[in-house]
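Asker: Input protein35.txt, format and content: compact mmCIF, C-alpha atoms.
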# COMPACT_ATOMS: atom_id res chain seq x y z
CA MET A 1 25.59 8.46 -16.22
CA TYR A 2 22.45 8.16 -14.15
CA GLU A 3 22.43 7.02 -10.56
CA ILE A 4 19.16 5.42 -9.51
CA VAL A 5 17.69 5.33 -6.02
CA ILE A 6 14.35 3.74 -5.15
CA ASP A 7 12.45 4.64 -2.02
CA ARG A 8 11.06 1.18 -1.38
CA SER A 9 8.77 2.39 1.37
CA LEU A 10 6.83 4.28 -1.30
CA CYS A 11 6.87 1.57 -3.98
CA SER A 12 3.45 -0.01 -4.42
CA GLY A 13 4.36 -2.59 -7.04
CA PHE A 14 2.98 -0.71 -10.02
CA ALA A 15 5.87 -2.15 -12.05
CA ALA A 16 5.88 0.51 -14.73
CA CYS A 17 9.64 0.92 -14.17
CA ALA A 18 10.31 -2.77 -14.82
CA GLU A 19 8.16 -2.60 -17.92
CA LEU A 20 9.88 0.47 -19.36
CA ALA A 21 13.47 -0.29 -18.35
CA PRO A 22 13.68 -4.02 -17.60
CA ASP A 23 17.49 -3.97 -17.75
CA VAL A 24 17.64 -1.56 -14.85
CA PHE A 25 14.59 -2.33 -12.69
CA GLU A 26 13.02 -5.53 -11.52
CA VAL A 27 10.29 -6.39 -9.06
CA ASP A 28 11.30 -8.62 -6.18
CA VAL A 29 9.29 -11.46 -4.65
CA GLY A 30 7.78 -9.01 -2.16
CA GLY A 31 6.33 -7.00 -5.05
CA LYS A 32 8.63 -4.02 -4.68
CA ALA A 33 10.92 -2.55 -7.29
CA THR A 34 14.65 -2.98 -6.97
CA VAL A 35 17.52 -1.83 -9.17
CA ARG A 36 19.44 -4.51 -11.01
CA VAL A 37 22.21 -1.98 -11.55
CA GLY A 38 22.53 1.21 -9.52
CA ARG A 39 23.88 3.17 -12.50
CA SER A 40 22.96 3.32 -16.14
CA ASP A 41 23.64 5.35 -19.27
CA ASP A 42 20.22 4.53 -20.65
CA PRO A 43 17.97 7.62 -20.63
CA THR A 44 14.85 5.41 -20.44
CA VAL A 45 15.53 5.40 -16.68
CA LEU A 46 14.18 8.96 -16.78
CA ASP A 47 10.94 7.69 -18.36
CA ALA A 48 10.75 4.96 -15.75
CA ALA A 49 11.15 7.47 -12.93
CA ALA A 50 8.52 9.75 -14.48
CA ALA A 51 6.11 6.84 -14.87
CA CYS A 52 6.23 5.91 -11.18
CA PRO A 53 2.94 7.10 -9.72
CA MET A 54 4.45 7.24 -6.26
CA ALA A 55 7.51 9.25 -7.31
CA ALA A 56 9.53 6.58 -5.56
CA ILE A 57 12.37 6.61 -8.10
CA GLN A 58 15.02 9.26 -7.98
CA VAL A 59 17.45 9.63 -10.87
CA ILE A 60 20.56 11.67 -10.24
CA GLU A 61 22.62 12.69 -13.24
CA ARG A 62 26.37 12.34 -12.65
CA GLU A 63 29.34 13.33 -14.74
CA ALA A 64 30.99 10.21 -16.07
CA ALA A 65 34.15 9.54 -14.07
CA MET B 1 -1.32 31.92 -17.95
CA THR B 2 0.54 30.29 -15.11
CA PRO B 3 -0.86 31.34 -11.73
CA ARG B 4 1.34 32.92 -9.09
CA SER B 5 -0.04 30.77 -6.31
CA VAL B 6 -1.82 27.43 -6.08
CA LEU B 7 -4.04 26.19 -3.29
CA VAL B 8 -4.50 22.43 -3.10
CA VAL B 9 -7.53 21.50 -1.03
CA GLY B 10 -7.11 17.99 0.34
CA ALA B 11 -3.84 16.61 1.69
CA GLY B 12 -4.29 13.00 0.58
CA LEU B 13 -2.20 11.33 -2.08
CA ALA B 14 -3.67 13.25 -5.05
CA GLY B 15 -3.17 16.59 -3.31
CA ALA B 16 0.34 15.70 -2.19
CA ARG B 17 1.42 14.50 -5.63
CA CYS B 18 -0.08 17.63 -7.17
CA ALA B 19 1.87 19.94 -4.84
CA GLU B 20 5.07 17.94 -5.31
CA THR B 21 4.71 17.97 -9.08
CA LEU B 22 4.26 21.74 -9.16
CA ARG B 23 7.64 22.04 -7.45
CA ALA B 24 9.30 19.28 -9.44
CA GLU B 25 8.30 21.07 -12.65
CA GLY B 26 9.85 24.29 -11.40
CA PHE B 27 6.81 26.26 -10.25
CA GLY B 28 8.16 29.15 -8.17
CA GLY B 29 4.96 30.59 -6.70
CA ASP B 30 3.29 29.80 -3.42
CA VAL B 31 1.97 26.27 -2.93
CA VAL B 32 -0.40 25.65 -0.04
CA LEU B 33 -1.72 22.19 0.79
CA VAL B 34 -4.67 22.28 3.16
CA GLY B 35 -6.06 19.13 4.76
CA GLU B 36 -8.80 18.27 7.18
CA GLU B 37 -6.87 15.52 8.91
CA PRO B 38 -4.32 16.72 11.47
CA VAL B 39 -1.43 14.78 9.91
CA PRO B 40 0.74 15.26 6.82
CA PRO B 41 -0.02 13.11 3.75
CA TYR B 42 0.29 9.42 4.56
CA GLU B 43 -0.06 5.94 3.09
CA ARG B 44 -3.75 5.26 3.33
CA PRO B 45 -3.48 1.63 2.04
CA ALA B 46 -1.64 0.61 5.24
CA LEU B 47 -4.57 1.59 7.48
CA SER B 48 -6.52 -1.64 7.00
CA LYS B 49 -3.40 -3.76 7.32
CA GLU B 50 -0.20 -2.86 9.20
CA LEU B 51 -1.63 0.07 11.14
CA LEU B 52 -4.67 -1.86 12.28
CA ALA B 53 -2.53 -4.88 13.11
CA GLY B 54 -0.26 -2.67 15.19
CA THR B 55 2.87 -3.51 13.22
CA ARG B 56 3.32 0.06 12.00
CA THR B 57 2.89 3.31 13.87
CA PRO B 58 0.99 6.34 12.53
CA ASP B 59 4.26 8.29 12.14
CA SER B 60 5.77 5.60 9.94
CA LEU B 61 2.97 6.02 7.39
CA SER B 62 4.05 9.53 6.33
CA LEU B 63 4.47 9.72 2.56
CA ARG B 64 7.47 12.01 2.85
CA PRO B 65 9.86 12.83 5.67
CA PRO B 66 8.79 15.92 7.69
CA ASP B 67 11.58 18.08 6.20
CA PHE B 68 10.38 17.38 2.69
CA TRP B 69 7.52 19.87 2.83
CA VAL B 70 9.74 22.59 4.29
CA ASP B 71 12.54 21.92 1.81
CA HIS B 72 10.13 22.13 -1.11
CA GLU B 73 8.41 25.21 0.25
CA ILE B 74 5.04 23.52 0.32
CA ALA B 75 3.01 25.08 3.13
CA LEU B 76 0.92 22.51 5.00
CA VAL B 77 -2.26 23.78 6.63
CA LEU B 78 -3.49 20.74 8.55
CA GLY B 79 -6.50 20.00 10.73
CA GLN B 80 -8.61 22.54 8.87
CA ARG B 81 -11.47 22.03 6.49
CA VAL B 82 -12.12 24.46 3.69
CA ILE B 83 -15.75 25.47 4.02
CA ARG B 84 -16.01 28.12 1.35
CA LEU B 85 -14.33 29.11 -1.87
CA ASP B 86 -14.71 32.70 -2.91
CA ASN B 87 -14.07 32.83 -6.64
CA VAL B 88 -14.28 36.56 -6.87
CA LYS B 89 -11.73 37.29 -4.18
CA HIS B 90 -9.75 34.12 -4.96
CA LEU B 91 -9.95 33.10 -1.35
CA ALA B 92 -10.59 29.88 0.53
CA VAL B 93 -12.01 30.08 4.04
CA THR B 94 -11.46 27.28 6.54
CA ASP B 95 -13.59 26.13 9.47
CA ARG B 96 -11.04 27.70 11.78
CA GLY B 97 -11.31 31.03 10.07
CA ALA B 98 -8.09 30.94 8.06
CA ARG B 99 -8.30 32.83 4.78
CA LEU B 100 -6.08 31.30 2.13
CA PRO B 101 -5.61 33.34 -1.05
CA SER B 102 -4.61 31.77 -4.37
CA ASP B 103 -4.86 32.21 -8.14
CA ALA B 104 -5.63 28.58 -8.82
CA VAL B 105 -7.40 25.92 -6.81
CA VAL B 106 -7.13 22.13 -7.00
CA LEU B 107 -9.89 20.20 -5.27
CA ALA B 108 -8.44 16.89 -4.13
CA THR B 109 -10.89 16.38 -1.31
CA GLY B 110 -11.07 12.63 -1.71
CA ALA B 111 -14.05 10.49 -0.87
CA ARG B 112 -16.04 9.72 2.22
CA PRO B 113 -17.26 6.27 3.20
CA ARG B 114 -20.91 5.48 2.68
CA ASN B 115 -22.95 4.79 5.76
CA LEU B 116 -25.90 2.49 6.20
CA PRO B 117 -29.27 4.24 6.30
CA PHE B 118 -29.89 3.57 9.98
CA ALA B 119 -28.43 4.91 13.20
CA ALA B 120 -25.15 3.33 14.32
CA PRO B 121 -24.57 2.47 17.97
CA ARG B 122 -21.11 2.51 19.60
CA GLY B 123 -18.69 0.01 18.15
CA VAL B 124 -19.77 0.60 14.55
CA HIS B 125 -17.01 2.02 12.37
CA VAL B 126 -16.09 3.05 8.87
CA LEU B 127 -12.51 3.10 7.62
CA ARG B 128 -11.08 5.89 5.57
CA THR B 129 -8.82 8.06 7.69
CA LEU B 130 -6.07 7.45 10.20
CA GLY B 131 -8.52 8.60 12.88
CA ASP B 132 -11.03 5.98 11.70
CA ALA B 133 -8.34 3.29 11.80
CA LEU B 134 -7.23 4.17 15.34
CA ALA B 135 -10.84 4.20 16.54
CA LEU B 136 -11.50 0.79 14.94
CA GLN B 137 -8.28 -0.53 16.47
CA ALA B 138 -9.41 0.62 19.92
CA THR B 139 -12.77 -1.12 19.50
CA LEU B 140 -11.16 -4.34 18.24
CA ALA B 141 -8.89 -4.41 21.30
CA SER B 142 -11.93 -5.19 23.46
CA ALA B 143 -13.93 -7.16 20.89
CA ARG B 144 -14.32 -10.84 20.14
CA ARG B 145 -16.61 -10.87 17.14
CA LEU B 146 -16.30 -8.48 14.26
CA ALA B 147 -19.01 -8.21 11.63
CA ILE B 148 -18.08 -6.59 8.35
CA VAL B 149 -20.80 -5.18 6.14
CA GLY B 150 -19.55 -5.22 2.55
CA GLY B 151 -17.41 -7.77 0.75
CA GLY B 152 -15.10 -5.29 -0.97
CA PHE B 153 -11.38 -4.74 -0.65
CA VAL B 154 -11.47 -2.69 2.54
CA GLY B 155 -13.74 -5.28 4.15
CA ALA B 156 -11.57 -8.20 3.01
CA GLU B 157 -8.34 -6.57 4.20
CA VAL B 158 -9.82 -5.75 7.61
CA ALA B 159 -11.22 -9.29 7.81
CA SER B 160 -7.73 -10.62 7.17
CA THR B 161 -6.14 -8.35 9.80
CA ALA B 162 -8.86 -9.13 12.36
CA ARG B 163 -8.43 -12.88 11.89
CA GLY B 164 -4.72 -12.34 12.47
CA LEU B 165 -5.59 -10.58 15.72
CA GLY B 166 -7.61 -13.63 16.78
CA LEU B 167 -11.11 -12.24 16.30
CA GLU B 168 -14.07 -14.14 14.97
CA VAL B 169 -15.12 -12.50 11.72
CA THR B 170 -18.41 -12.52 9.87
CA MET B 171 -18.47 -10.91 6.44
CA LEU B 172 -21.78 -9.85 4.93
CA GLU B 173 -21.83 -9.64 1.16
CA ALA B 174 -24.95 -8.51 -0.65
CA GLY B 175 -24.18 -10.41 -3.87
CA GLU B 176 -23.66 -14.09 -4.56
CA MET B 177 -19.92 -13.82 -3.95
CA PRO B 178 -17.46 -11.07 -3.17
CA PHE B 179 -15.88 -9.17 -6.07
CA ALA B 180 -18.17 -10.61 -8.73
CA ALA B 181 -18.47 -7.20 -10.39
CA VAL B 182 -14.81 -6.17 -10.31
CA LEU B 183 -13.00 -9.50 -10.65
CA GLY B 184 -15.63 -11.78 -12.12
CA PRO B 185 -17.37 -14.82 -10.57
CA ASP B 186 -14.46 -17.26 -11.06
CA VAL B 187 -11.93 -15.23 -9.13
CA GLY B 188 -14.70 -14.19 -6.71
CA THR B 189 -15.42 -17.84 -5.90
CA LEU B 190 -11.74 -18.58 -5.46
CA LEU B 191 -11.41 -15.72 -2.97
CA ALA B 192 -14.62 -16.65 -1.14
CA ASP B 193 -13.28 -20.19 -0.62
CA ARG B 194 -10.03 -18.78 0.66
CA TYR B 195 -11.79 -16.53 3.21
CA ARG B 196 -13.77 -19.48 4.51
CA ARG B 197 -10.64 -21.60 4.84
CA HIS B 198 -9.18 -18.79 6.92
CA GLY B 199 -12.11 -19.07 9.28
CA VAL B 200 -14.25 -16.20 8.02
CA ASP B 201 -17.97 -16.75 8.27
CA LEU B 202 -18.80 -15.36 4.83
CA ARG B 203 -22.52 -14.85 4.26
CA THR B 204 -23.61 -14.06 0.75
CA LYS B 205 -26.86 -12.44 -0.37
CA ALA B 206 -26.85 -10.97 3.12
CA LEU B 207 -28.40 -7.54 3.50
CA ALA B 208 -28.01 -5.58 6.71
CA ALA B 209 -31.32 -4.18 7.92
CA GLY B 210 -30.44 -2.69 11.29
CA PHE B 211 -28.18 -2.76 14.34
CA ARG B 212 -28.92 -4.15 17.76
CA ALA B 213 -27.32 -2.59 20.81
CA HIS B 214 -26.89 -3.38 24.51
CA GLY B 215 -28.34 -1.09 27.14
CA SER B 216 -24.81 0.31 27.43
CA GLY B 217 -25.15 1.61 23.89
CA ARG B 218 -22.57 -0.76 22.38
CA VAL B 219 -23.50 -2.77 19.33
CA CYS B 220 -24.37 -6.43 19.97
CA GLY B 221 -25.69 -7.55 16.61
CA ILE B 222 -26.69 -6.85 13.03
CA GLU B 223 -30.17 -7.67 11.90
CA LEU B 224 -30.38 -8.99 8.36
CA ALA B 225 -33.17 -8.54 5.86
CA ASP B 226 -34.22 -12.19 6.39
CA ARG B 227 -34.69 -11.30 10.10
CA SER B 228 -31.76 -13.39 11.27
CA VAL B 229 -29.28 -11.71 13.60
CA VAL B 230 -25.51 -11.82 13.41
CA PRO B 231 -24.13 -11.41 16.93
CA CYS B 232 -21.07 -9.17 17.17
CA ASP B 233 -19.40 -6.63 19.42
CA ALA B 234 -17.71 -4.62 16.66
CA VAL B 235 -18.84 -3.65 13.17
CA LEU B 236 -17.07 -2.29 10.15
CA VAL B 237 -19.30 -0.77 7.49
CA ALA B 238 -17.33 -1.01 4.22
CA VAL B 239 -19.88 -0.43 1.49
CA GLY B 240 -17.89 1.91 -0.72
CA VAL B 241 -17.25 5.62 -0.89
CA GLU B 242 -18.70 8.72 -2.44
CA PRO B 243 -16.66 11.57 -3.88
CA GLU B 244 -16.37 14.41 -1.39
CA ARG B 245 -17.61 17.31 -3.41
CA SER B 246 -19.47 19.49 -0.97
CA LEU B 247 -17.15 22.29 -2.10
CA ALA B 248 -17.31 21.71 -5.81
CA VAL B 249 -18.14 24.88 -7.61
CA ALA B 250 -18.37 25.42 -11.31
CA ALA B 251 -15.40 27.50 -12.23
CA SER B 252 -12.93 27.02 -15.01
CA ASP B 253 -9.93 27.75 -12.82
CA ILE B 254 -10.69 24.91 -10.41
CA GLN B 255 -9.23 21.48 -11.08
CA LEU B 256 -10.60 18.27 -9.62
CA ALA B 257 -8.17 15.50 -8.78
CA GLY B 258 -8.23 12.05 -7.22
CA ASP B 259 -11.26 10.38 -5.69
CA ALA B 260 -13.09 13.71 -5.56
CA ALA B 261 -13.05 13.61 -9.37
CA GLY B 262 -14.97 10.34 -9.22
CA GLY B 263 -12.08 8.18 -10.38
CA PRO B 264 -11.82 4.47 -9.63
CA GLY B 265 -10.64 5.17 -6.10
CA HIS B 266 -7.32 3.41 -6.58
CA TRP B 267 -4.21 4.59 -4.84
CA THR B 268 -2.04 4.87 -7.92
CA SER B 269 -4.72 6.56 -10.03
CA ALA B 270 -5.11 9.23 -7.35
CA ALA B 271 -1.37 9.81 -7.59
CA ALA B 272 -1.47 10.08 -11.39
CA ASP B 273 -4.44 12.40 -11.13
CA GLY B 274 -2.62 14.77 -8.79
CA VAL B 275 0.29 14.90 -11.21
CA ALA B 276 -2.08 15.56 -14.11
CA ALA B 277 -3.77 18.46 -12.31
CA ALA B 278 -0.40 20.08 -11.61
CA ARG B 279 0.62 19.72 -15.25
CA ARG B 280 -2.63 21.29 -16.46
CA ILE B 281 -2.08 24.26 -14.18
CA LEU B 282 1.42 24.71 -15.55
CA GLY B 283 0.28 24.29 -19.15
CA LEU B 284 2.38 21.15 -19.65
CA ASP B 285 1.38 18.32 -21.94
CA PRO B 286 -0.40 15.47 -20.18
CA LEU B 287 1.60 12.32 -19.47
CA PRO B 288 0.37 9.10 -21.06
CA THR B 289 -2.36 7.52 -18.94
CA PRO B 290 -1.21 4.17 -17.56
CA ALA B 291 -3.60 1.22 -17.40
CA PRO B 292 -5.66 1.22 -14.19
CA PHE B 293 -3.92 -0.61 -11.39
CA PHE B 294 -4.65 -1.64 -7.88
CA TRP B 295 -3.46 -4.11 -5.32
CA SER B 296 -4.80 -5.67 -2.19
CA ASP B 297 -3.10 -7.74 0.50
CA GLN B 298 -5.42 -10.22 2.20
CA PHE B 299 -5.17 -13.67 3.77
CA GLY B 300 -1.63 -14.18 2.54
CA LEU B 301 -2.44 -13.14 -1.01
CA ARG B 302 -1.11 -10.10 -2.80
CA ILE B 303 -3.64 -9.38 -5.52
CA GLN B 304 -2.56 -6.99 -8.25
CA LEU B 305 -4.90 -6.05 -11.06
CA VAL B 306 -3.85 -4.21 -14.20
CA GLY B 307 -6.58 -3.00 -16.52
CA ASP B 308 -10.33 -3.08 -16.07
CA ALA B 309 -11.86 -6.51 -15.65
CA ARG B 310 -15.46 -5.32 -15.31
CA ALA B 311 -16.27 -5.57 -18.99
CA ALA B 312 -14.53 -8.91 -19.51
CA ALA B 313 -16.46 -11.70 -21.21
CA ALA B 314 -14.09 -14.53 -20.34
CA VAL B 315 -11.41 -15.25 -17.81
CA GLU B 316 -8.57 -17.74 -17.92
CA ILE B 317 -6.93 -18.70 -14.64
CA ASP B 318 -3.46 -20.17 -14.59
CA GLY B 319 -2.13 -21.57 -11.30
CA HIS B 320 -3.83 -22.47 -8.04
CA ASP B 321 -5.69 -20.57 -5.37
CA SER B 322 -2.64 -19.30 -3.50
CA GLU B 323 -0.64 -18.32 -6.57
CA PHE B 324 -2.23 -17.58 -9.91
CA VAL B 325 -2.58 -15.28 -12.86
CA ALA B 326 -6.00 -14.49 -14.31
CA ARG B 327 -6.31 -13.03 -17.78
CA TYR B 328 -9.53 -11.28 -18.72
CA TRP B 329 -10.70 -11.17 -22.33
CA SER B 330 -13.29 -9.04 -24.07
CA THR B 331 -15.98 -10.49 -26.36
CA ASP B 332 -13.76 -9.76 -29.36
CA GLY B 333 -10.87 -11.71 -27.82
CA ARG B 334 -8.77 -8.79 -26.63
CA LEU B 335 -6.90 -8.90 -23.31
CA VAL B 336 -8.51 -6.19 -21.15
CA ALA B 337 -7.14 -6.94 -17.69
CA ALA B 338 -4.77 -9.23 -15.85
CA LEU B 339 -4.65 -10.20 -12.23
CA ALA B 340 -1.59 -11.56 -10.45
CA ALA B 341 -2.11 -13.27 -7.10
CA ASN B 342 1.20 -13.79 -5.30
CA ARG B 343 2.99 -13.41 -8.61
CA PRO B 344 4.32 -9.85 -8.20
CA ARG B 345 7.23 -10.39 -10.55
CA GLU B 346 4.87 -11.00 -13.45
CA VAL B 347 3.09 -7.67 -13.24
CA ALA B 348 5.52 -5.81 -15.50
CA ALA B 349 5.16 -8.46 -18.23
CA LEU B 350 1.37 -8.49 -17.87
CA ARG B 351 1.36 -4.71 -18.14
CA ALA B 352 3.35 -4.97 -21.37
CA GLU B 353 1.00 -7.67 -22.69
CA LEU B 354 -1.96 -5.40 -22.02
CA ALA B 355 -0.32 -2.43 -23.68
CA LEU B 356 0.17 -4.54 -26.83
CA ALA B 357 -3.47 -5.60 -26.80
CA ALA B 358 -4.80 -2.05 -26.42
Could I get this structure in the form of structure tokens?
Answerer:
Amino acid sequence: MYEIVIDRSLCSGFAACAELAPDVFEVDVGGKATVRVGRSDDPTVLDAAAACPMAAIQVIEREAA
Amino acid sequence: MTPRSVLVVGAGLAGARCAETLRAEGFGGDVVLVGEEPVPPYERPALSKELLAGTRTPDSLSLRPPDFWVDHEIALVLGQRVIRLDNVKHLAVTDRGARLPSDAVVLATGARPRNLPFAAPRGVHVLRTLGDALALQATLASARRLAIVGGGFVGAEVASTARGLGLEVTMLEAGEMPFAAVLGPDVGTLLADRYRRHGVDLRTKALAAGFRAHGSGRVCGIELADRSVVPCDAVLVAVGVEPERSLAVAASDIQLAGDAAGGPGHWTSAAADGVAAARRILGLDPLPTPAPFFWSDQFGLRIQLVGDARAAAAVEIDGHDSEFVARYWSTDGRLVAALAANRPREVAALRAELALAA
């Protein structure tokens, strides 16, 4: 289980996250990324975090409850 | 071989992302980030907008909270300029006499704004650093008419902010319209019309030939090549930047990153470049290079461009002047770039469309 946190002050609307993992990330009307779901089992969230040029996405791995 | 210590010269975005990436990838040696500006790495894009408008403070622009650098054991050496690199002794010497040893050096010294080839009186500014922005802000506080030399993104963003502050703004563009080279004439015309509707006196094919100043030494006008004079009491010169490479030395163990490497000068590419330099130092495989990207906020428009529109042969605009998408096609009918204006939610899809076309 991955917990996803976005530092929206760093987000510059690059939108690579929403391209790579559209089920988890979306871009809001202000042009900043938001999480659709705060948790996911999909490891592509790791790719999305790595692709963020601003390192604005933090993925924390949690043991499934 | 992985070095034991890394010195990153330049504490802008590329330098910061390089230092952070070294740590994120588990590098355990010393990391020193040295920067000429007296402040930790900050969001440069906000300078022409929120900072200048006074809606954000300098402190709020910090890229990372102050504890971040301590927690990640990244030593910040700020307010010092590296003036010499000694390859033999693996030493960098700063203008304040500090001697910083390291096994590997990353030069992320950024770019410096170009100046006009004539002397500038008081009230004439460039905009690159926080110090520049605060100085421009102080001048604008007692100014009524701002003239901007250069119809690029910095100029357009400052024009937008200055109009918001109630100043009269004249924009001098050397070409037939702003952004013709980067965004094409169609989008350039659209933007030019928008600036004019927002009260900007946009003059095209206008070449600055000299400044005029009062006896007090403050600027009072710009003389153009056609001998006309644009009256003003503040000037921003925004005619592009040059890579800052006064330190660049040929040595295989020195990496260049960010604007100093002569990249496109975009915020996100500087970030990616800093990451790439760190990965090279650590011997890690490079990450895939994302399509070039930049954004600009001006006159109520958020412009986001993915890809490189300079080589496009045709453009197709969908929407109207305050909300549109422009697709740029090459001569062989391939999508090479896409621009979203006030359509931020479409950027991810456009990015995917471009990736398919590549």
Asker: In Å, how far is it from atom CA of Gly210 of chain B to atom CA of Gln137 of chain B?
Answerer: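 Separation between atom CA of Gly210 of chain B and atom CA of Gln137 of chain B: 22.9 Å.
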Asker: Using all atoms listed in the file, which protein or nucleic acid residues come within 7 Å of Ile60 of chain A? Drop anything in the same chain fewer than 6 positions from it, and give the result as number ranges by chain.
Answerer: A: 2-4
Asker: What is the atom CA of Val9 of chain B-atom CA of Gln255 of chain B distance in Å, reported with one decimal?
Answerer: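 The value is 10.2 Å.
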Asker: Using Å and a single decimal, report how far atom CA of Leu51 of chain B sits from atom CA of Gly15 of chain B.
Answerer: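 Separation between atom CA of Gly15 of chain B and atom CA of Leu51 of chain B: 22.0 Å.
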Asker: Hey, which of A:Pro53, A:Pro43, A:Ala33, A:Ala21 ends up closest to Ser9 of chain A? Count all atoms listed in the file.
Answerer: A:Ala33
Asker: Using only C-alpha atoms, can you tell me which of A:Arg39, A:Lys32, A:Arg62, A:Arg8 comes closest to chain B?
Answerer: A:Lys32
Asker: Identify, on the basis of all atoms listed in the file, every residue whose closest approach to Val29 of chain A does not exceed 10 Å; exclude the query and any residue fewer than 5 positions from it along the same chain; express the result as a list in words.
Answerer: Asn342, Arg343, Pro344, Arg345 and Glu346 of chain B
Asker: Can you list, as a list in words, every protein, DNA or RNA residue that comes within 9 Å of Leu236 of chain B when you count all atoms listed in the file, leaving out same-chain residues fewer than 6 positions away?
Answerer: Gly123, Val124, His125, Val126, Leu127, Leu136, Leu146, Ala147, Ile148, Val149, Gly150, Gly155 and Val158 of chain B
Asker: Please identify every residue of chain A that has at least one atom no more than 12 Å from any atom of chain B, counting only C-alpha atoms, and report them as an MDAnalysis selection string.
Answerer: chainID A and resid 7:22 25:34 47:48 50:56 58
Asker: Point out the residue among B:Val239, B:Leu224, B:Ala162, B:Ala309 with the least atom-to-atom distance to Pro113 of chain B, counting only C-alpha atoms.
Answerer: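 Looking at the shortest contact to Pro113 of chain B, the residue is B:Val239.
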Asker: List the residues sitting within 10 Å of (0.2, 5.2, 12.8) in the file's frame, using all atoms listed in the file, as a ChimeraX atom specification.
Answerer: /B:42-43,46-47,50-52,54-62,130-131,133-134
Asker: Which of these, B:Pro286, B:Gly175, B:Pro121, B:Pro40, has the shortest distance to Ala11 of chain B once you count only C-alpha atoms?
Answerer: B:Pro40
Asker: Identify which of the residues B:Leu282, B:Leu76, B:Ala338, B:Val93 lies closest to Gly29 of chain B, counting all atoms listed in the file when measuring atom-to-atom distances.
Answerer: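 The answer is B:Leu282, which sits nearest to Gly29 of chain B.
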